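Novice: This one is model.cif, mmCIF, C-alpha atoms, pLDDT in the B column; chains and numbers go by the auth columns.
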```cif
data_final
loop_
_atom_site.group_PDB
_atom_site.id
_atom_site.type_symbol
_atom_site.label_atom_id
_atom_site.label_comp_id
_atom_site.label_asym_id
_atom_site.label_seq_id
_atom_site.Cartn_x
_atom_site.Cartn_y
_atom_site.Cartn_z
_atom_site.B_iso_or_equiv
_atom_site.auth_seq_id
_atom_site.auth_asym_id
ATOM 1 C CA MET A 1 79.522 139.538 150.393 83.00 199 M
ATOM 2 C CA LEU A 2 76.257 138.848 148.587 87.00 200 M
ATOM 3 C CA PRO A 3 76.007 135.792 146.294 89.00 201 M
ATOM 4 C CA LEU A 4 75.509 138.039 143.249 90.00 202 M
ATOM 5 C CA GLU A 5 78.763 139.821 144.016 91.00 203 M
ATOM 6 C CA ARG A 6 80.590 136.492 144.280 93.00 204 M
ATOM 7 C CA HIS A 7 79.021 135.358 141.006 94.00 205 M
ATOM 8 C CA LYS A 8 80.296 138.429 139.158 91.00 206 M
ATOM 9 C CA ILE A 9 83.824 137.941 140.495 94.00 207 M
ATOM 10 C CA ILE A 10 83.738 134.224 139.625 94.00 208 M
ATOM 11 C CA LEU A 11 82.691 135.009 136.042 91.00 209 M
ATOM 12 C CA ASP A 12 85.372 137.702 135.754 89.00 210 M
ATOM 13 C CA LEU A 13 88.011 135.220 136.928 90.00 211 M
ATOM 14 C CA LEU A 14 86.677 132.618 134.510 85.00 212 M
ATOM 15 C CA ALA A 15 86.867 135.039 131.586 80.00 213 M
ATOM 16 C CA LYS A 16 90.460 135.873 132.493 79.00 214 M
ATOM 17 C CA ASN A 17 91.857 132.444 133.437 76.00 215 M
ATOM 18 C CA LYS A 18 89.557 130.074 131.461 70.00 216 M
ATOM 19 C CA ILE A 19 89.156 127.980 134.610 82.00 217 M
ATOM 20 C CA VAL A 20 88.250 128.453 138.268 87.00 218 M
ATOM 21 C CA LYS A 21 88.955 125.983 141.061 90.00 219 M
ATOM 22 C CA VAL A 22 86.819 125.427 144.122 92.00 220 M
ATOM 23 C CA GLY A 23 89.766 125.524 146.519 92.00 221 M
ATOM 24 C CA GLU A 24 91.021 128.833 145.150 92.00 222 M
ATOM 25 C CA LEU A 25 87.544 130.381 145.330 95.00 223 M
ATOM 26 C CA VAL A 26 87.186 129.236 148.934 94.00 224 M
ATOM 27 C CA ASP A 27 90.387 131.120 149.767 94.00 225 M
ATOM 28 C CA ILE A 28 89.412 134.234 147.796 93.00 226 M
ATOM 29 C CA PHE A 29 85.980 134.615 149.381 94.00 227 M
ATOM 30 C CA ASP A 30 86.754 133.034 152.757 93.00 228 M
ATOM 31 C CA VAL A 31 83.628 130.884 152.591 94.00 229 M
ATOM 32 C CA SER A 32 82.950 127.162 152.813 94.00 230 M
ATOM 33 C CA THR A 33 83.376 124.648 150.015 94.00 231 M
ATOM 34 C CA GLU A 34 79.632 124.042 150.095 93.00 232 M
ATOM 35 C CA THR A 35 78.968 127.752 149.465 95.00 233 M
ATOM 36 C CA ILE A 36 81.218 127.802 146.399 94.00 234 M
ATOM 37 C CA ARG A 37 79.669 124.629 145.064 93.00 235 M
ATOM 38 C CA ARG A 38 76.214 126.196 145.406 93.00 236 M
ATOM 39 C CA ASP A 39 77.473 129.282 143.558 94.00 237 M
ATOM 40 C CA LEU A 40 78.816 127.160 140.709 94.00 238 M
ATOM 41 C CA GLU A 41 75.635 125.082 140.567 92.00 239 M
ATOM 42 C CA GLU A 42 73.538 128.241 140.263 92.00 240 M
ATOM 43 C CA LEU A 43 75.786 129.720 137.573 92.00 241 M
ATOM 44 C CA GLU A 44 75.677 126.450 135.644 88.00 242 M
ATOM 45 C CA ALA A 45 71.880 126.366 135.895 88.00 243 M
ATOM 46 C CA ASN A 46 71.854 129.833 134.309 86.00 244 M
ATOM 47 C CA ASN A 47 74.189 128.672 131.492 82.00 245 M
ATOM 48 C CA LYS A 48 77.037 130.881 132.664 86.00 246 M
ATOM 49 C CA LEU A 49 79.632 128.120 133.043 85.00 247 M
ATOM 50 C CA GLU A 50 80.177 124.356 133.035 78.00 248 M
ATOM 51 C CA ARG A 51 81.211 122.576 136.201 83.00 249 M
ATOM 52 C CA ILE A 52 84.069 120.097 136.073 77.00 250 M
ATOM 53 C CA TYR A 53 85.835 118.044 138.726 74.00 251 M
ATOM 54 C CA GLY A 54 87.126 120.542 141.314 82.00 252 M
ATOM 55 C CA GLY A 55 85.969 123.707 139.565 85.00 253 M
ATOM 56 C CA ALA A 56 84.386 125.135 136.433 84.00 254 M
ATOM 57 C CA VAL A 57 85.214 126.155 132.850 77.00 255 M
ATOM 58 C CA PRO A 58 83.498 128.364 130.270 74.00 256 M
ATOM 59 C CA ILE A 59 80.688 126.843 128.212 67.00 257 M
ATOM 60 C CA ILE A 60 82.226 125.594 124.963 57.00 258 M
ATOM 61 C CA THR A 61 80.546 125.935 121.567 52.00 259 M
ATOM 62 C CA SER A 62 81.195 123.582 118.647 47.00 260 M
ATOM 63 C CA SER A 63 84.043 125.786 117.373 48.00 261 M
ATOM 64 C CA ASP A 64 85.633 126.638 120.732 51.00 262 M
ATOM 65 C CA GLU A 65 88.307 124.170 121.777 52.00 263 M
ATOM 66 C CA PRO A 66 88.844 123.687 125.529 54.00 264 M
ATOM 67 C CA GLU A 67 92.411 124.584 126.429 54.00 265 M
ATOM 68 C CA TYR A 68 94.820 121.748 127.166 48.00 266 M
ATOM 69 C CA ASN A 69 95.340 122.735 130.803 51.00 267 M
ATOM 70 C CA VAL A 70 91.567 122.721 131.281 49.00 268 M
ATOM 71 C CA ARG A 71 91.181 119.278 129.708 47.00 269 M
ATOM 72 C CA ALA A 72 94.074 117.968 131.770 47.00 270 M
ATOM 73 C CA ILE A 73 92.089 118.402 134.991 47.00 271 M
ATOM 74 C CA SER A 74 88.689 117.448 133.563 52.00 272 M
ATOM 75 C CA ASN A 75 87.549 113.994 134.715 54.00 273 M
ATOM 76 C CA PRO A 76 91.079 112.889 135.687 65.00 274 M
ATOM 77 C CA GLY A 77 89.961 109.687 137.420 86.00 275 M
ATOM 78 C CA HIS A 78 87.966 108.585 134.408 91.00 276 M
ATOM 79 C CA LYS A 79 90.836 109.221 132.006 93.00 277 M
ATOM 80 C CA GLU A 80 93.322 107.469 134.278 94.00 278 M
ATOM 81 C CA CYS A 81 91.187 104.322 134.341 96.00 279 M
ATOM 82 C CA ILE A 82 90.634 104.438 130.581 97.00 280 M
ATOM 83 C CA GLY A 83 94.386 104.787 130.067 97.00 281 M
ATOM 84 C CA LYS A 84 95.173 101.770 132.233 97.00 282 M
ATOM 85 C CA LEU A 85 92.543 99.664 130.499 97.00 283 M
ATOM 86 C CA ALA A 86 93.638 100.694 127.012 98.00 284 M
ATOM 87 C CA ALA A 87 97.247 99.776 127.837 97.00 285 M
ATOM 88 C CA GLU A 88 96.109 96.177 128.382 97.00 286 M
ATOM 89 C CA PHE A 89 95.319 95.944 124.655 98.00 287 M
ATOM 90 C CA ILE A 90 98.901 96.784 123.730 98.00 288 M
ATOM 91 C CA GLU A 91 101.121 93.728 123.371 96.00 289 M
ATOM 92 C CA ASP A 92 104.869 93.280 123.077 94.00 290 M
ATOM 93 C CA ARG A 93 106.166 94.030 119.573 96.00 291 M
ATOM 94 C CA ASP A 94 103.088 96.060 118.673 98.00 292 M
ATOM 95 C CA THR A 95 103.493 99.159 116.555 98.00 293 M
ATOM 96 C CA ILE A 96 100.981 101.788 117.622 98.00 294 M
ATOM 97 C CA ILE A 97 99.906 105.368 117.045 98.00 295 M
ATOM 98 C CA LEU A 98 99.047 107.429 120.114 98.00 296 M
ATOM 99 C CA ASP A 99 96.855 110.395 119.295 95.00 297 M
ATOM 100 C CA ILE A 100 97.154 113.761 120.996 93.00 298 M
ATOM 101 C CA GLY A 101 95.099 114.568 124.070 89.00 299 M
ATOM 102 C CA THR A 102 94.961 113.941 127.776 91.00 300 M
ATOM 103 C CA THR A 103 93.361 110.484 127.580 94.00 301 M
ATOM 104 C CA CYS A 104 96.059 109.172 125.248 96.00 302 M
ATOM 105 C CA LEU A 105 98.650 110.673 127.602 96.00 303 M
ATOM 106 C CA GLU A 106 97.243 108.396 130.314 96.00 304 M
ATOM 107 C CA ILE A 107 97.831 105.423 128.004 98.00 305 M
ATOM 108 C CA ALA A 108 101.453 106.498 127.569 97.00 306 M
ATOM 109 C CA LYS A 109 101.962 106.487 131.335 97.00 307 M
ATOM 110 C CA ASN A 110 101.114 102.779 131.402 97.00 308 M
ATOM 111 C CA ILE A 111 103.250 101.417 128.555 97.00 309 M
ATOM 112 C CA LYS A 112 106.752 102.568 129.459 96.00 310 M
ATOM 113 C CA ASP A 113 108.083 99.054 130.081 94.00 311 M
ATOM 114 C CA LYS A 114 106.575 97.446 126.977 96.00 312 M
ATOM 115 C CA ASN A 115 108.644 96.288 124.010 96.00 313 M
ATOM 116 C CA ILE A 116 106.713 98.328 121.452 98.00 314 M
ATOM 117 C CA THR A 117 107.060 101.059 118.839 98.00 315 M
ATOM 118 C CA VAL A 118 105.037 104.251 119.306 98.00 316 M
ATOM 119 C CA LEU A 119 104.299 106.998 116.792 98.00 317 M
ATOM 120 C CA THR A 120 102.838 110.253 118.094 97.00 318 M
ATOM 121 C CA THR A 121 102.236 113.908 117.237 95.00 319 M
ATOM 122 C CA SER A 122 101.944 114.865 120.907 95.00 320 M
ATOM 123 C CA LEU A 123 104.835 116.595 122.670 95.00 321 M
ATOM 124 C CA PRO A 124 103.524 115.671 126.158 95.00 322 M
ATOM 125 C CA ILE A 125 103.440 112.001 125.106 96.00 323 M
ATOM 126 C CA THR A 126 106.905 112.349 123.563 97.00 324 M
ATOM 127 C CA ASN A 127 108.211 113.701 126.865 96.00 325 M
ATOM 128 C CA GLU A 128 106.433 110.960 128.801 96.00 326 M
ATOM 129 C CA LEU A 129 107.956 108.143 126.728 97.00 327 M
ATOM 130 C CA ALA A 130 111.428 109.570 126.219 95.00 328 M
ATOM 131 C CA ASN A 131 114.144 107.567 128.028 92.00 329 M
ATOM 132 C CA THR A 132 111.904 104.490 128.411 95.00 330 M
ATOM 133 C CA ASN A 133 111.947 101.042 126.817 92.00 331 M
ATOM 134 C CA VAL A 134 109.605 102.248 124.086 97.00 332 M
ATOM 135 C CA ARG A 135 110.934 102.795 120.573 97.00 333 M
ATOM 136 C CA LEU A 136 109.532 106.259 119.919 97.00 334 M
ATOM 137 C CA TYR A 137 108.915 108.230 116.729 97.00 335 M
ATOM 138 C CA CYS A 138 107.895 111.876 117.072 95.00 336 M
ATOM 139 C CA LEU A 139 106.228 112.588 113.750 93.00 337 M
ATOM 140 C CA GLY A 140 107.024 116.284 113.502 91.00 338 M
ATOM 141 C CA GLY A 141 105.115 119.119 111.918 92.00 339 M
ATOM 142 C CA LEU A 142 103.819 122.547 112.857 91.00 340 M
ATOM 143 C CA VAL A 143 103.530 122.869 116.640 92.00 341 M
ATOM 144 C CA ARG A 144 100.394 124.408 118.163 86.00 342 M
ATOM 145 C CA PRO A 145 101.783 126.278 121.182 81.00 343 M
ATOM 146 C CA ASN A 146 98.770 125.875 123.479 75.00 344 M
ATOM 147 C CA GLU A 147 98.172 122.235 122.564 77.00 345 M
ATOM 148 C CA LEU A 148 101.792 121.064 122.184 86.00 346 M
ATOM 149 C CA SER A 149 100.667 118.981 119.217 91.00 347 M
ATOM 150 C CA MET A 150 101.917 118.773 115.640 92.00 348 M
ATOM 151 C CA SER A 151 99.990 118.873 112.377 91.00 349 M
ATOM 152 C CA GLY A 152 100.240 120.059 108.798 91.00 350 M
ATOM 153 C CA GLY A 153 101.821 118.841 105.572 92.00 351 M
ATOM 154 C CA ILE A 154 105.001 117.525 107.178 94.00 352 M
ATOM 155 C CA THR A 155 102.989 115.409 109.614 94.00 353 M
ATOM 156 C CA GLU A 156 100.806 114.045 106.828 94.00 354 M
ATOM 157 C CA TYR A 157 103.833 113.138 104.714 95.00 355 M
ATOM 158 C CA VAL A 158 105.577 111.305 107.566 95.00 356 M
ATOM 159 C CA LEU A 159 102.410 109.427 108.565 95.00 357 M
ATOM 160 C CA ASN A 160 102.107 108.050 105.044 95.00 358 M
ATOM 161 C CA GLN A 161 105.451 106.279 105.464 95.00 359 M
ATOM 162 C CA PHE A 162 104.104 103.970 108.188 96.00 360 M
ATOM 163 C CA HIS A 163 101.667 101.110 108.736 96.00 361 M
ATOM 164 C CA VAL A 164 100.908 100.191 112.354 98.00 362 M
ATOM 165 C CA ASP A 165 99.076 97.481 114.214 98.00 363 M
ATOM 166 C CA LYS A 166 96.895 99.714 116.359 98.00 364 M
ATOM 167 C CA ALA A 167 95.876 103.359 116.590 98.00 365 M
ATOM 168 C CA PHE A 168 94.508 104.869 119.807 98.00 366 M
ATOM 169 C CA ILE A 169 92.416 107.877 118.890 97.00 367 M
ATOM 170 C CA GLY A 170 90.780 110.561 121.012 95.00 368 M
ATOM 171 C CA ALA A 171 87.880 112.834 120.108 93.00 369 M
ATOM 172 C CA GLY A 172 86.510 116.292 120.694 89.00 370 M
ATOM 173 C CA GLY A 173 83.022 114.890 120.313 89.00 371 M
ATOM 174 C CA ILE A 174 81.241 111.617 119.545 91.00 372 M
ATOM 175 C CA SER A 175 77.804 111.442 117.923 89.00 373 M
ATOM 176 C CA LEU A 176 75.807 108.400 116.875 87.00 374 M
ATOM 177 C CA ASN A 177 74.747 110.146 113.676 87.00 375 M
ATOM 178 C CA ASP A 178 77.843 112.154 112.791 89.00 376 M
ATOM 179 C CA GLY A 179 80.613 110.060 114.318 94.00 377 M
ATOM 180 C CA ILE A 180 83.909 111.438 115.603 95.00 378 M
ATOM 181 C CA SER A 181 84.693 115.149 115.499 93.00 379 M
ATOM 182 C CA ASP A 182 87.376 117.562 116.645 91.00 380 M
ATOM 183 C CA TYR A 183 87.663 121.297 117.329 86.00 381 M
ATOM 184 C CA ASN A 184 90.644 121.938 115.044 87.00 382 M
ATOM 185 C CA ILE A 185 90.398 121.132 111.342 89.00 383 M
ATOM 186 C CA GLU A 186 94.126 120.438 110.877 90.00 384 M
ATOM 187 C CA GLU A 187 94.217 118.019 113.789 89.00 385 M
ATOM 188 C CA ALA A 188 90.989 116.410 112.579 92.00 386 M
ATOM 189 C CA GLN A 189 92.736 115.649 109.294 93.00 387 M
ATOM 190 C CA ILE A 190 95.741 114.113 111.064 94.00 388 M
ATOM 191 C CA ARG A 191 93.479 112.057 113.311 94.00 389 M
ATOM 192 C CA LYS A 192 91.606 110.745 110.273 95.00 390 M
ATOM 193 C CA GLN A 193 94.886 109.824 108.599 96.00 391 M
ATOM 194 C CA CYS A 194 96.121 108.040 111.731 96.00 392 M
ATOM 195 C CA MET A 195 93.037 105.839 111.581 97.00 393 M
ATOM 196 C CA THR A 196 93.728 104.837 107.984 96.00 394 M
ATOM 197 C CA ARG A 197 97.318 103.775 108.778 97.00 395 M
ATOM 198 C CA ALA A 198 96.306 101.200 111.412 97.00 396 M
ATOM 199 C CA GLN A 199 95.010 97.650 111.148 98.00 397 M
ATOM 200 C CA LYS A 200 92.850 98.195 114.227 98.00 398 M
ATOM 201 C CA VAL A 201 91.421 101.446 115.591 98.00 399 M
ATOM 202 C CA PHE A 202 90.675 102.059 119.268 98.00 400 M
ATOM 203 C CA LEU A 203 88.599 105.101 120.207 98.00 401 M
ATOM 204 C CA VAL A 204 89.324 106.237 123.765 97.00 402 M
ATOM 205 C CA SER A 205 86.941 108.700 125.376 94.00 403 M
ATOM 206 C CA ASP A 206 85.431 109.565 128.730 92.00 404 M
ATOM 207 C CA TYR A 207 81.678 110.008 129.161 88.00 405 M
ATOM 208 C CA SER A 208 81.734 113.796 128.589 83.00 406 M
ATOM 209 C CA LYS A 209 82.403 113.539 124.831 88.00 407 M
ATOM 210 C CA PHE A 210 79.227 111.657 123.899 86.00 408 M
ATOM 211 C CA GLY A 211 76.444 113.616 122.226 80.00 409 M
ATOM 212 C CA ILE A 212 78.822 116.394 121.153 80.00 410 M
ATOM 213 C CA ASN A 213 79.418 117.518 117.580 83.00 411 M
ATOM 214 C CA SER A 214 82.532 119.658 117.522 83.00 412 M
ATOM 215 C CA PHE A 215 83.628 121.745 114.548 84.00 413 M
ATOM 216 C CA ALA A 216 85.519 119.393 112.227 91.00 414 M
ATOM 217 C CA HIS A 217 84.388 115.911 111.175 93.00 415 M
ATOM 218 C CA VAL A 218 86.976 113.132 111.578 95.00 416 M
ATOM 219 C CA ALA A 219 85.297 109.835 110.702 96.00 417 M
ATOM 220 C CA SER A 220 82.109 107.859 111.099 95.00 418 M
ATOM 221 C CA LEU A 221 81.888 105.385 113.939 96.00 419 M
ATOM 222 C CA ASP A 222 82.109 102.416 111.577 94.00 420 M
ATOM 223 C CA ALA A 223 85.810 103.260 111.168 96.00 421 M
ATOM 224 C CA VAL A 224 86.322 102.207 114.804 97.00 422 M
ATOM 225 C CA ASP A 225 86.963 98.637 115.936 98.00 423 M
ATOM 226 C CA THR A 226 86.883 99.138 119.708 98.00 424 M
ATOM 227 C CA LEU A 227 85.589 101.892 121.991 98.00 425 M
ATOM 228 C CA ILE A 228 87.175 102.190 125.432 98.00 426 M
ATOM 229 C CA THR A 229 85.242 104.407 127.828 96.00 427 M
ATOM 230 C CA ASP A 230 84.247 104.714 131.496 95.00 428 M
ATOM 231 C CA TRP A 231 81.507 103.745 133.907 93.00 429 M
ATOM 232 C CA ASP A 232 79.651 107.066 133.648 88.00 430 M
ATOM 233 C CA SER A 233 78.983 106.749 129.910 89.00 431 M
ATOM 234 C CA ASN A 234 75.318 106.467 128.989 85.00 432 M
ATOM 235 C CA GLU A 235 74.433 102.790 128.683 89.00 433 M
ATOM 236 C CA ASP A 236 71.768 103.419 126.049 87.00 434 M
ATOM 237 C CA ILE A 237 74.339 105.150 123.828 88.00 435 M
ATOM 238 C CA LEU A 238 76.840 102.351 124.398 93.00 436 M
ATOM 239 C CA ASN A 239 74.276 99.720 123.421 93.00 437 M
ATOM 240 C CA LYS A 240 73.570 101.587 120.182 92.00 438 M
ATOM 241 C CA ILE A 241 77.290 101.683 119.458 94.00 439 M
ATOM 242 C CA ARG A 242 77.514 97.927 120.083 96.00 440 M
ATOM 243 C CA LYS A 243 74.839 97.433 117.421 95.00 441 M
ATOM 244 C CA LEU A 244 77.280 98.980 114.937 94.00 442 M
ATOM 245 C CA ASN A 245 79.535 95.914 115.480 95.00 443 M
ATOM 246 C CA ILE A 246 81.952 97.949 117.574 97.00 444 M
ATOM 247 C CA ASP A 247 83.439 96.290 120.637 97.00 445 M
ATOM 248 C CA VAL A 248 82.716 98.429 123.701 97.00 446 M
ATOM 249 C CA VAL A 249 84.954 98.085 126.758 97.00 447 M
ATOM 250 C CA VAL A 250 84.047 99.981 129.921 97.00 448 M
ATOM 251 C CA ALA A 251 86.556 100.839 132.641 96.00 449 M
ATOM 252 C CA LYS A 252 85.268 100.064 136.125 92.00 450 M
ATOM 253 C CA LYS A 253 84.889 102.739 138.774 89.00 451 M
ATOM 254 C CA PRO A 254 87.667 102.485 141.383 87.00 452 M
ATOM 255 C CA GLU A 255 86.488 101.191 144.733 79.00 453 M
#
```
Just give me the structure of the file as structure tokens.

Specialist:
Amino acid sequence: MLPLERHKIILDLLAKNKIVKVGELVDIFDVSTETIRRDLEELEANNKLERIYGGAVPIITSSDEPEYNVRAISNPGHKECIGKLAAEFIEDRDTIILDIGTTCLEIAKNIKDKNITVLTTSLPITNELANTNVRLYCLGGLVRPNELSMSGGITEYVLNQFHVDKAFIGAGGISLNDGISDYNIEEAQIRKQCMTRAQKVFLVSDYSKFGINSFAHVASLDAVDTLITDWDSNEDILNKIRKLNIDVVVAKKPE
């Protein structure tokens, strides 16, 4: 099969499934991993897709939100390390908010034995922390089926009943000029409100979110106390964030 024929099939699969994986493409075409990687590199160079760890996803515009199952396999090692590092900032008897998203889910995986209270609008985090030592409040609201998150008037009302020590917030995009943004306007509003209910705000994000302005504005960076990110984040950007009097903590690359 000619490369152009493979490329068309890859793009058709991507349009249908919203993600393609290298291993699956190797099996479909009966070619080497190196051949598929070259195909994906060429398609990315022509702005047809965006490569991620182990595969590729469609190119996302500022109003197109990557699906949860796509984000769940994007940069998993980075998010795992950020989650472990962020958990070290959570102390016994803390009350915390855990935002939605795959990075905050990694935090949840590392706090199950802590004597803490957690508030969340994420069903995956709720499932992760159910039947653990954590005192857990699921804040309720309108469920987004694809995201398994909750937002809306009910969520806003319940959030206003609480004050917490720390909020761990994710982002769809992070910009030096425009701050934190999200793809969904309702969730952006909830995220903003979570930040106002906490004494200290932690922004948790892997390197891929920097320089992106997604659809809905959440807050400026000066609303953040600490940024927790990974070793692949641009050092020049991190230094500029430090100049905003934000503590920047970088997870180390596993050996």

Novice: Which residues fall under the PyMOL selection byres ((chain M and resi 342-358) around 10) in this file, as a VMD selection string?

Specialist: chain M and resid 264 to 267 295 297 to 299 317 to 323 336 to 341 359 to 361 383 to 389 391 to 392 394 to 395

Novice: Run through the PyMOL selection byres ((chain M and resi 331) around 6) on the given coordinates and return the selected residues as a PyMOL selection string.

Specialist: chain M and resi 311+330+332

Novice: Would you kindly return, as a PDB file with C-alpha atoms, in the coordinates of the input, each protein, DNA or RNA residue with an atom no farther than 9 Å from any atom of Asp363 of chain M, considering only C-alpha atoms and excluding same-chain residues fewer than 3 positions away?

Specialist:
```pdb
ATOM      1  CA  ASP M 292     103.088  96.060 118.673  1.00 98.00           C
ATOM      2  CA  THR M 293     103.493  99.159 116.555  1.00 98.00           C
ATOM      3  CA  ILE M 294     100.981 101.788 117.622  1.00 98.00           C
ATOM      4  CA  ILE M 295      99.906 105.368 117.045  1.00 98.00           C
ATOM      5  CA  ARG M 395      97.318 103.775 108.778  1.00 97.00           C
ATOM      6  CA  ALA M 396      96.306 101.200 111.412  1.00 97.00           C
ATOM      7  CA  GLN M 397      95.010  97.650 111.148  1.00 98.00           C
ATOM      8  CA  LYS M 398      92.850  98.195 114.227  1.00 98.00           C
ATOM      9  CA  VAL M 399      91.421 101.446 115.591  1.00 98.00           C
TER      10      VAL M 399
END
```

Novice: Measuring between only C-alpha atoms, which one of M:Met199, M:Ile226, M:Ala449, M:Ile305 shows the shortest distance to His276 of chain M?

Specialist: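 The shortest atom-to-atom distance to His276 of chain M comes from M:Ala449.
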
Novice: M:Thr300, M:Thr233, M:Ser373, M:Ser403: which is nearest Trp429 of chain M, counting all atoms listed in the file?

Specialist: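 With all atoms listed in the file as the atom set, the closest residue is M:Ser403.
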
Novice: Suppose you want the space between atom CA of Leu327 of chain M and atom CA of Ala306 of chain M; what is it in Å?

Specialist: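 Interatomic distance here is 6.8 Å.
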
Novice: For the file shown, report as a list in words the outcome of the PyMOL selection byres ((chain M and resi 411) around 6) at residue level.

Specialist: Gly371, Ile410 and Ser412 of chain M

Novice: For atom CA of Val229 of chain M and atom CA of Gly252 of chain M, determine how far apart the two atoms are, in Å to one decimal place.

Specialist: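 If I compute the distance from atom CA of Val229 of chain M to atom CA of Gly252 of chain M, I get 15.7 Å.
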
Novice: Find the residue from M:Ile250, M:Leu442, M:Leu211, M:Leu202 that sits nearest to Asp237 of chain M; use all atoms listed in the file when measuring.

Specialist: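 Going through M:Ile250, M:Leu442, M:Leu211, M:Leu202 one by one, the smallest distance to Asp237 of chain M is for M:Leu202.
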
Novice: Taking all atoms listed in the file into account, which of M:Glu232, M:Glu453, M:Asp445, M:Glu222 comes nearest Asp423 of chain M?

Specialist: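 Counting all atoms listed in the file, the residue closest to Asp423 of chain M is M:Asp445.
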
Novice: Quick one: of M:Glu304, M:Asp420, M:Asp210, M:Asp404, who's nearest to Asp376 of chain M, counting only C-alpha atoms?

Specialist: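 Under the stated criterion, the closest residue is M:Asp420.
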
Novice: Do you have the atom CA of Phe227 of chain M-atom CA of Pro256 of chain M distance handy?

Specialist: 20.3 Å

Novice: Between M:Ile280, M:Leu374, M:Leu241, M:Leu200, single out the one closest to Asp434 of chain M, counting only C-alpha atoms.

Specialist: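 For Asp434 of chain M, the nearest of the given residues is M:Leu374.
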
Novice: Compile the contact shell of Thr231 of chain M as a PyMOL selection string: residues with an atom at most 7 Å away, counting only C-alpha atoms, same-chain residues fewer than 4 positions apart removed.

Specialist: chain M and resi 220+224+235

Novice: Grab the residues selected above and save them as a PDB file, in the coordinates of the input with C-alpha atoms.

Specialist:
```
ATOM      1  CA  VAL M 220      86.819 125.427 144.122  1.00 92.00           C
ATOM      2  CA  VAL M 224      87.186 129.236 148.934  1.00 94.00           C
ATOM      3  CA  ARG M 235      79.669 124.629 145.064  1.00 93.00           C
TER       4      ARG M 235
END
```

Novice: I'd like the box whose edges run along x, y and z of the file and which contains every listed atom of segment 376-380 of chain M, padded by 4 Å per side; could you state its centre and edge lengths in Å, one decimal, as lines of an AutoDock Vina configuration file?

Specialist:
```
center_x = 82.6
center_y = 113.8
center_z = 114.7
size_x = 17.5
size_y = 15.5
size_z = 11.9
```

Novice: Given the point (83.4, 98.4, 126.9) in the coordinates of this file, which residues lie within 12 Å, counting all atoms listed in the file, and how would they look as a PyMOL selection string?

Specialist: chain M and resi 280+283-284+400-405+423-433+435-437+439-440+444-450
